[in-house]
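Student: I have a structure I would like to understand better, so I am pasting it below and will then ask my questions one at a time.
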Amino acid sequence: MSARPASDDAQLTAIYQELILDHYRRPRNKGPAPDAPNVRTAECRNPLCGDEVTLALVLDADGRVADARFTGRGCSISQASASMLTEAVRGKTREEAEALVERFSALMRGDPDAADDPSLGELRALSGVSRFPARVRCATLAWSALAELL
Amino acid sequence: MSTSDSVSELVPRAEFPLLAAHPELHYLDSAATSQKPRAVLDAMDAYYRNDNANPHRGAYKLSVAATDRYHEARERVAQFVGLKDASALIFTRGTTEGLNLVASSWGRAHVHAGDEIVVTAMGHHADFIPWQQLALEKGAHFRIAELTADGRIDVDHLASLLCPRTRVVALPHVSNALGTVNPVRELAALVRERSDALVVCDGAQGAPHLPVEFERLGVDFYAFSGHKLLGPMGIGVLLGRRGLLEAMSPYQFGGDMIEWVHDDRSTWNVLPHKFEAGTPNVAGAVGLAAAVDYLDRIGMTRVLEHERALVRLVTARLSEIEGVTVHGPTPEQRSGVVSFSLADVHPHDLATILDERDVCVRAGHHCAQPLMRRLGVSATTRASFYVYSEPADVDALTDGVEAARRLFAGAV
């Protein structure tokens, strides 16, 4: 095991930022798939911890995300990430959403450019997760579902 | 209320090189694997430096030395668990292999369509799935003995499942997820009273934490792992009644386990070699023998008392934290395992917060998904203690849990 910096609560808040806890406590766009003709859903699970997210996406005629909702249960990181995803992806074209998936993936790899990338918006609050390899899978769960649907 | 002062040190952390190198670490995941004392590392090192050769091929002195070390280790471990006939001690890779060996070798030959197999709702997946799959393969009935609300085997329910067609009852000595110590002797006696079933005991959390006398437990098979018992990974033990082992077919085929290989058939070596195909893990056996030496010097009764004292302390502390639910029975009915939930805080979040404070706990389903379903949770947080654990570990754990509670309540 390598040496680690002394632990303190400042580091803690680096992963558990208020924004993340807020999305966990009051998830946005959480609920069953909307009753739309062109709705598609994808379910992702992490068998290691039982986290699960089902993402529902509605693309309009122009290929733009008209609606995104999720259901699921699990840790704060998996659920907050899903909640933030639904807000971030709404109104984006398929290509823009694909680019967002790629940028988020860079953020989870600890890419410092991604942590400063304004196109990621609020999602940058999740950048601290990259320091916790065991938790990256939690944060990317909903994003795997999104990638499947695009 | 229990205080830290009421629990004294059992062995110095300095005897465990990893813990000595990381004084900041609070290792509370010994039910997953234990840390290793220097004595174990030294014994394995000495074996590789001085005696390493392939045993049982004794054409030269070095091979004889390796064979001797392996044989001595078997005798030593057999003595530790009260087995007079060391040839009924099979070295395995670990508990999982031991239990699969019994299910595969004995189970395939003796369980038939319409027979009954009984397991418990607290069984580890390794104590559950081999029998579930055997039942599916054979068309046997798979029965699950339910638990009481406080996480003990419901003896009345178990009794109601037993019948003349029950072939196997598989149960853990100690629940890995809850720490419940099962009254194995009484349960085995109950099984004998009502059926001719074999009793197969998962001792993964038993032998490392409390005194075990195989011949007094009344079970037919007992399996445990070296790495949870201060020993190395990759070595384990299956204890069996000699008559049963003699009658069983081999589990794996290969070198060492044969007597004669003809073109069209083969005959098998005597016990224990019949069940030890291939080059054995001699260094692992040597390390395990050093581990049981270490534990015997402490005394297993003292090991259990030490763990219980820490469990009493941590249970009292946790119950003072708002929103904590401790799963399982009272400390007097447990080994050194405490499984708990904290209100709306997911166990993985809690484990990350504790990790930031260098407190290592297990968060998850503990390879006991049937049990988690019955507890109505997807996962729990588990802290587990061993000989090197100390009150400071309890302090670090409960301080971290309180910090997590405050963080998620929005009070930070």
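A note on labels: chains of the structure tokens are A, B, ... as shown, every chain counts residues from 1, and ligands are counted from 1 in their shown order.
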Dump as a list in words the residues of chain B that approach chain A to within 7 Å, counting only C-alpha atoms.

Tutor: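 Written out as asked, the residues are His346, His348, Asp349, Ile353, Glu356, Arg357, Gly364, His365, Ser378, Ala379 and Phe408 of chain B.
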
Student: Applying 8 Å and only C-alpha atoms, which residues near Ser83 of chain A remain after dropping the ones on its own chain fewer than 5 positions away? List them as a count of residues only.

Tutor: 7

Student: Counting only C-alpha atoms, what is within 9 Å of Ala147 of chain A, bar same-chain residues fewer than 2 positions away, as a list in words?

Tutor: Ala97, Glu98, Val101, Ala142, Trp143, Ser144, Ala145, Leu149 and Leu150 of chain A

Student: Using only C-alpha atoms, can you tell me which of B:Asp399, B:Asp45, B:Asp293, B:Asp256 comes closest to Pro280 of chain B?

Tutor: B:Asp256

Student: Just list as a PyMOL selection string whatever in segment 57-133 of chain A DSSP marks as alpha helix (DSSP H).

Tutor: chain A and resi 76-89+94-108+112-115+133

Student: Any chance you could export the current selection's N, CA and C atoms as an mmCIF file, in the first residue's frame?

Tutor:
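Saved result, result_36.cif, follows:
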```cif
data_model
loop_
_atom_site.group_PDB
_atom_site.id
_atom_site.type_symbol
_atom_site.label_atom_id
_atom_site.label_comp_id
_atom_site.auth_asym_id
_atom_site.auth_seq_id
_atom_site.Cartn_x
_atom_site.Cartn_y
_atom_site.Cartn_z
ATOM 1 N N SER A 76 -24.882 7.411 -2.884
ATOM 2 C CA SER A 76 -25.095 8.812 -3.255
ATOM 3 C C SER A 76 -24.413 9.139 -4.577
ATOM 4 N N ILE A 77 -23.280 8.542 -4.827
ATOM 5 C CA ILE A 77 -22.532 8.862 -6.057
ATOM 6 C C ILE A 77 -23.294 8.362 -7.284
ATOM 7 N N SER A 78 -23.792 7.129 -7.222
ATOM 8 C CA SER A 78 -24.493 6.573 -8.381
ATOM 9 C C SER A 78 -25.798 7.335 -8.643
ATOM 10 N N GLN A 79 -26.505 7.680 -7.584
ATOM 11 C CA GLN A 79 -27.813 8.313 -7.762
ATOM 12 C C GLN A 79 -27.668 9.790 -8.108
ATOM 13 N N ALA A 80 -26.710 10.471 -7.490
ATOM 14 C CA ALA A 80 -26.498 11.887 -7.821
ATOM 15 C C ALA A 80 -25.998 12.022 -9.253
ATOM 16 N N SER A 81 -25.131 11.102 -9.662
ATOM 17 C CA SER A 81 -24.601 11.152 -11.021
ATOM 18 C C SER A 81 -25.731 10.972 -12.035
ATOM 19 N N ALA A 82 -26.653 10.050 -11.746
ATOM 20 C CA ALA A 82 -27.798 9.830 -12.643
ATOM 21 C C ALA A 82 -28.679 11.077 -12.701
ATOM 22 N N SER A 83 -28.918 11.666 -11.538
ATOM 23 C CA SER A 83 -29.758 12.867 -11.469
ATOM 24 C C SER A 83 -29.123 14.007 -12.277
ATOM 25 N N MET A 84 -27.822 14.200 -12.103
ATOM 26 C CA MET A 84 -27.128 15.280 -12.809
ATOM 27 C C MET A 84 -27.085 15.006 -14.308
ATOM 28 N N LEU A 85 -26.966 13.729 -14.655
ATOM 29 C CA LEU A 85 -26.963 13.358 -16.075
ATOM 30 C C LEU A 85 -28.262 13.789 -16.755
ATOM 31 N N THR A 86 -29.378 13.516 -16.097
ATOM 32 C CA THR A 86 -30.670 13.820 -16.740
ATOM 33 C C THR A 86 -30.804 15.310 -17.014
ATOM 34 N N GLU A 87 -30.245 16.135 -16.140
ATOM 35 C CA GLU A 87 -30.300 17.579 -16.381
ATOM 36 C C GLU A 87 -29.344 17.983 -17.498
ATOM 37 N N ALA A 88 -28.158 17.367 -17.480
ATOM 38 C CA ALA A 88 -27.113 17.779 -18.428
ATOM 39 C C ALA A 88 -27.438 17.394 -19.862
ATOM 40 N N VAL A 89 -28.144 16.294 -20.019
ATOM 41 C CA VAL A 89 -28.315 15.739 -21.363
ATOM 42 C C VAL A 89 -29.556 16.320 -22.078
ATOM 43 N N ARG A 94 -27.825 14.164 -30.357
ATOM 44 C CA ARG A 94 -27.144 12.884 -30.132
ATOM 45 C C ARG A 94 -25.621 13.072 -30.092
ATOM 46 N N GLU A 95 -25.106 13.872 -31.044
ATOM 47 C CA GLU A 95 -23.653 14.081 -31.126
ATOM 48 C C GLU A 95 -23.153 14.815 -29.872
ATOM 49 N N GLU A 96 -23.932 15.799 -29.443
ATOM 50 C CA GLU A 96 -23.530 16.545 -28.243
ATOM 51 C C GLU A 96 -23.555 15.636 -27.007
ATOM 52 N N ALA A 97 -24.567 14.790 -26.967
ATOM 53 C CA ALA A 97 -24.664 13.872 -25.822
ATOM 54 C C ALA A 97 -23.500 12.884 -25.829
ATOM 55 N N GLU A 98 -23.152 12.411 -27.029
ATOM 56 C CA GLU A 98 -22.011 11.490 -27.135
ATOM 57 C C GLU A 98 -20.721 12.174 -26.667
ATOM 58 N N ALA A 99 -20.571 13.439 -27.044
ATOM 59 C CA ALA A 99 -19.383 14.197 -26.628
ATOM 60 C C ALA A 99 -19.368 14.353 -25.104
ATOM 61 N N LEU A 100 -20.558 14.557 -24.531
ATOM 62 C CA LEU A 100 -20.654 14.709 -23.077
ATOM 63 C C LEU A 100 -20.243 13.405 -22.365
ATOM 64 N N VAL A 101 -20.693 12.275 -22.903
ATOM 65 C CA VAL A 101 -20.314 10.976 -22.339
ATOM 66 C C VAL A 101 -18.792 10.847 -22.334
ATOM 67 N N GLU A 102 -18.178 11.280 -23.435
ATOM 68 C CA GLU A 102 -16.717 11.176 -23.557
ATOM 69 C C GLU A 102 -16.034 12.106 -22.540
ATOM 70 N N ARG A 103 -16.554 13.330 -22.406
ATOM 71 C CA ARG A 103 -15.946 14.291 -21.464
ATOM 72 C C ARG A 103 -16.101 13.791 -20.024
ATOM 73 N N PHE A 104 -17.270 13.218 -19.727
ATOM 74 C CA PHE A 104 -17.490 12.707 -18.375
ATOM 75 C C PHE A 104 -16.531 11.552 -18.080
ATOM 76 N N SER A 105 -16.331 10.712 -19.087
ATOM 77 C CA SER A 105 -15.408 9.598 -18.937
ATOM 78 C C SER A 105 -13.994 10.117 -18.645
ATOM 79 N N ALA A 106 -13.605 11.202 -19.336
ATOM 80 C CA ALA A 106 -12.286 11.819 -19.071
ATOM 81 C C ALA A 106 -12.218 12.341 -17.636
ATOM 82 N N LEU A 107 -13.320 12.919 -17.185
ATOM 83 C CA LEU A 107 -13.383 13.429 -15.807
ATOM 84 C C LEU A 107 -13.138 12.298 -14.801
ATOM 85 N N MET A 108 -13.717 11.142 -15.090
ATOM 86 C CA MET A 108 -13.577 9.988 -14.193
ATOM 87 C C MET A 108 -12.184 9.365 -14.274
ATOM 88 N N PRO A 112 -7.152 16.356 -15.834
ATOM 89 C CA PRO A 112 -7.279 17.698 -15.247
ATOM 90 C C PRO A 112 -7.996 18.691 -16.174
ATOM 91 N N ASP A 113 -7.871 18.504 -17.495
ATOM 92 C CA ASP A 113 -8.582 19.386 -18.438
ATOM 93 C C ASP A 113 -10.099 19.253 -18.258
ATOM 94 N N ALA A 114 -10.531 18.016 -18.049
ATOM 95 C CA ALA A 114 -11.965 17.786 -17.898
ATOM 96 C C ALA A 114 -12.491 18.483 -16.647
ATOM 97 N N ALA A 115 -11.683 18.454 -15.580
ATOM 98 C CA ALA A 115 -12.124 19.073 -14.328
ATOM 99 C C ALA A 115 -12.318 20.588 -14.490
ATOM 100 N N PRO A 133 -10.803 4.885 -6.999
ATOM 101 C CA PRO A 133 -11.034 3.907 -8.068
ATOM 102 C C PRO A 133 -12.206 2.972 -7.777
#
```

Student: What does the distance between atom CA of Leu123 of chain A and atom CA of Gly91 of chain A come to in Å, to one decimal place?

Tutor: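 Distance reported for this atom pair: 16.2 Å.
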
Student: With only C-alpha atoms as the basis for distance, which of B:Glu276, B:Glu322, B:Glu307, B:Glu390 is at the shortest distance from His56 of chain B?

Tutor: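 For His56 of chain B, the nearest of the candidates is B:Glu276.
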
Student: Between A:Arg137, A:Arg131, A:Lys92, A:Arg124, single out the one closest to Asp62 of chain A, counting only C-alpha atoms.

Tutor: A:Lys92

Student: Counting only C-alpha atoms, what is within 8 Å of His125 of chain B, bar same-chain residues fewer than 5 positions away, as an NGL selection string?

Tutor: :B and (367-369)

Student: Using the selection just defined, write its residues with N, CA and C atoms as a PDB file, in the first residue's frame.

Tutor:
```
ATOM      1  N   CYS B 367     -21.205 -11.526   0.148  1.00  0.00           N
ATOM      2  CA  CYS B 367     -21.436 -12.842  -0.464  1.00  0.00           C
ATOM      3  C   CYS B 367     -22.556 -13.576   0.262  1.00  0.00           C
ATOM      4  N   ALA B 368     -23.583 -12.825   0.643  1.00  0.00           N
ATOM      5  CA  ALA B 368     -24.721 -13.437   1.342  1.00  0.00           C
ATOM      6  C   ALA B 368     -25.997 -12.732   0.889  1.00  0.00           C
ATOM      7  N   GLN B 369     -26.249 -12.777  -0.424  1.00  0.00           N
ATOM      8  CA  GLN B 369     -27.420 -12.068  -0.953  1.00  0.00           C
ATOM      9  C   GLN B 369     -28.742 -12.602  -0.398  1.00  0.00           C
TER      10      GLN B 369
END
```

Student: Suppose you want the space between atom CA of Met233 of chain B and atom CA of Leu288 of chain B; what is it in Å?

Tutor: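 Answer for the atom CA of Met233 of chain B to atom CA of Leu288 of chain B separation: 9.4 Å.
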
Student: Show me, as a PDB file with C-alpha atoms, in the first residue's frame, the residues that have an atom within 9 Å of segment 242-244 of chain B when counting only C-alpha atoms, minus same-chain residues fewer than 5 positions from it.

Tutor:
```
ATOM      1  CA  ASP B  85      -6.204 -38.822  12.382  1.00  0.00           C
ATOM      2  CA  SER B  87      -4.973 -38.219   7.074  1.00  0.00           C
ATOM      3  CA  ALA B  88      -8.597 -37.057   7.269  1.00  0.00           C
ATOM      4  CA  TRP B 106     -20.096 -36.847  -2.075  1.00  0.00           C
ATOM      5  CA  ASP B 220     -19.296 -34.812   9.027  1.00  0.00           C
ATOM      6  CA  LEU B 271      -6.022 -40.404   2.095  1.00  0.00           C
TER       7      LEU B 271
END
```
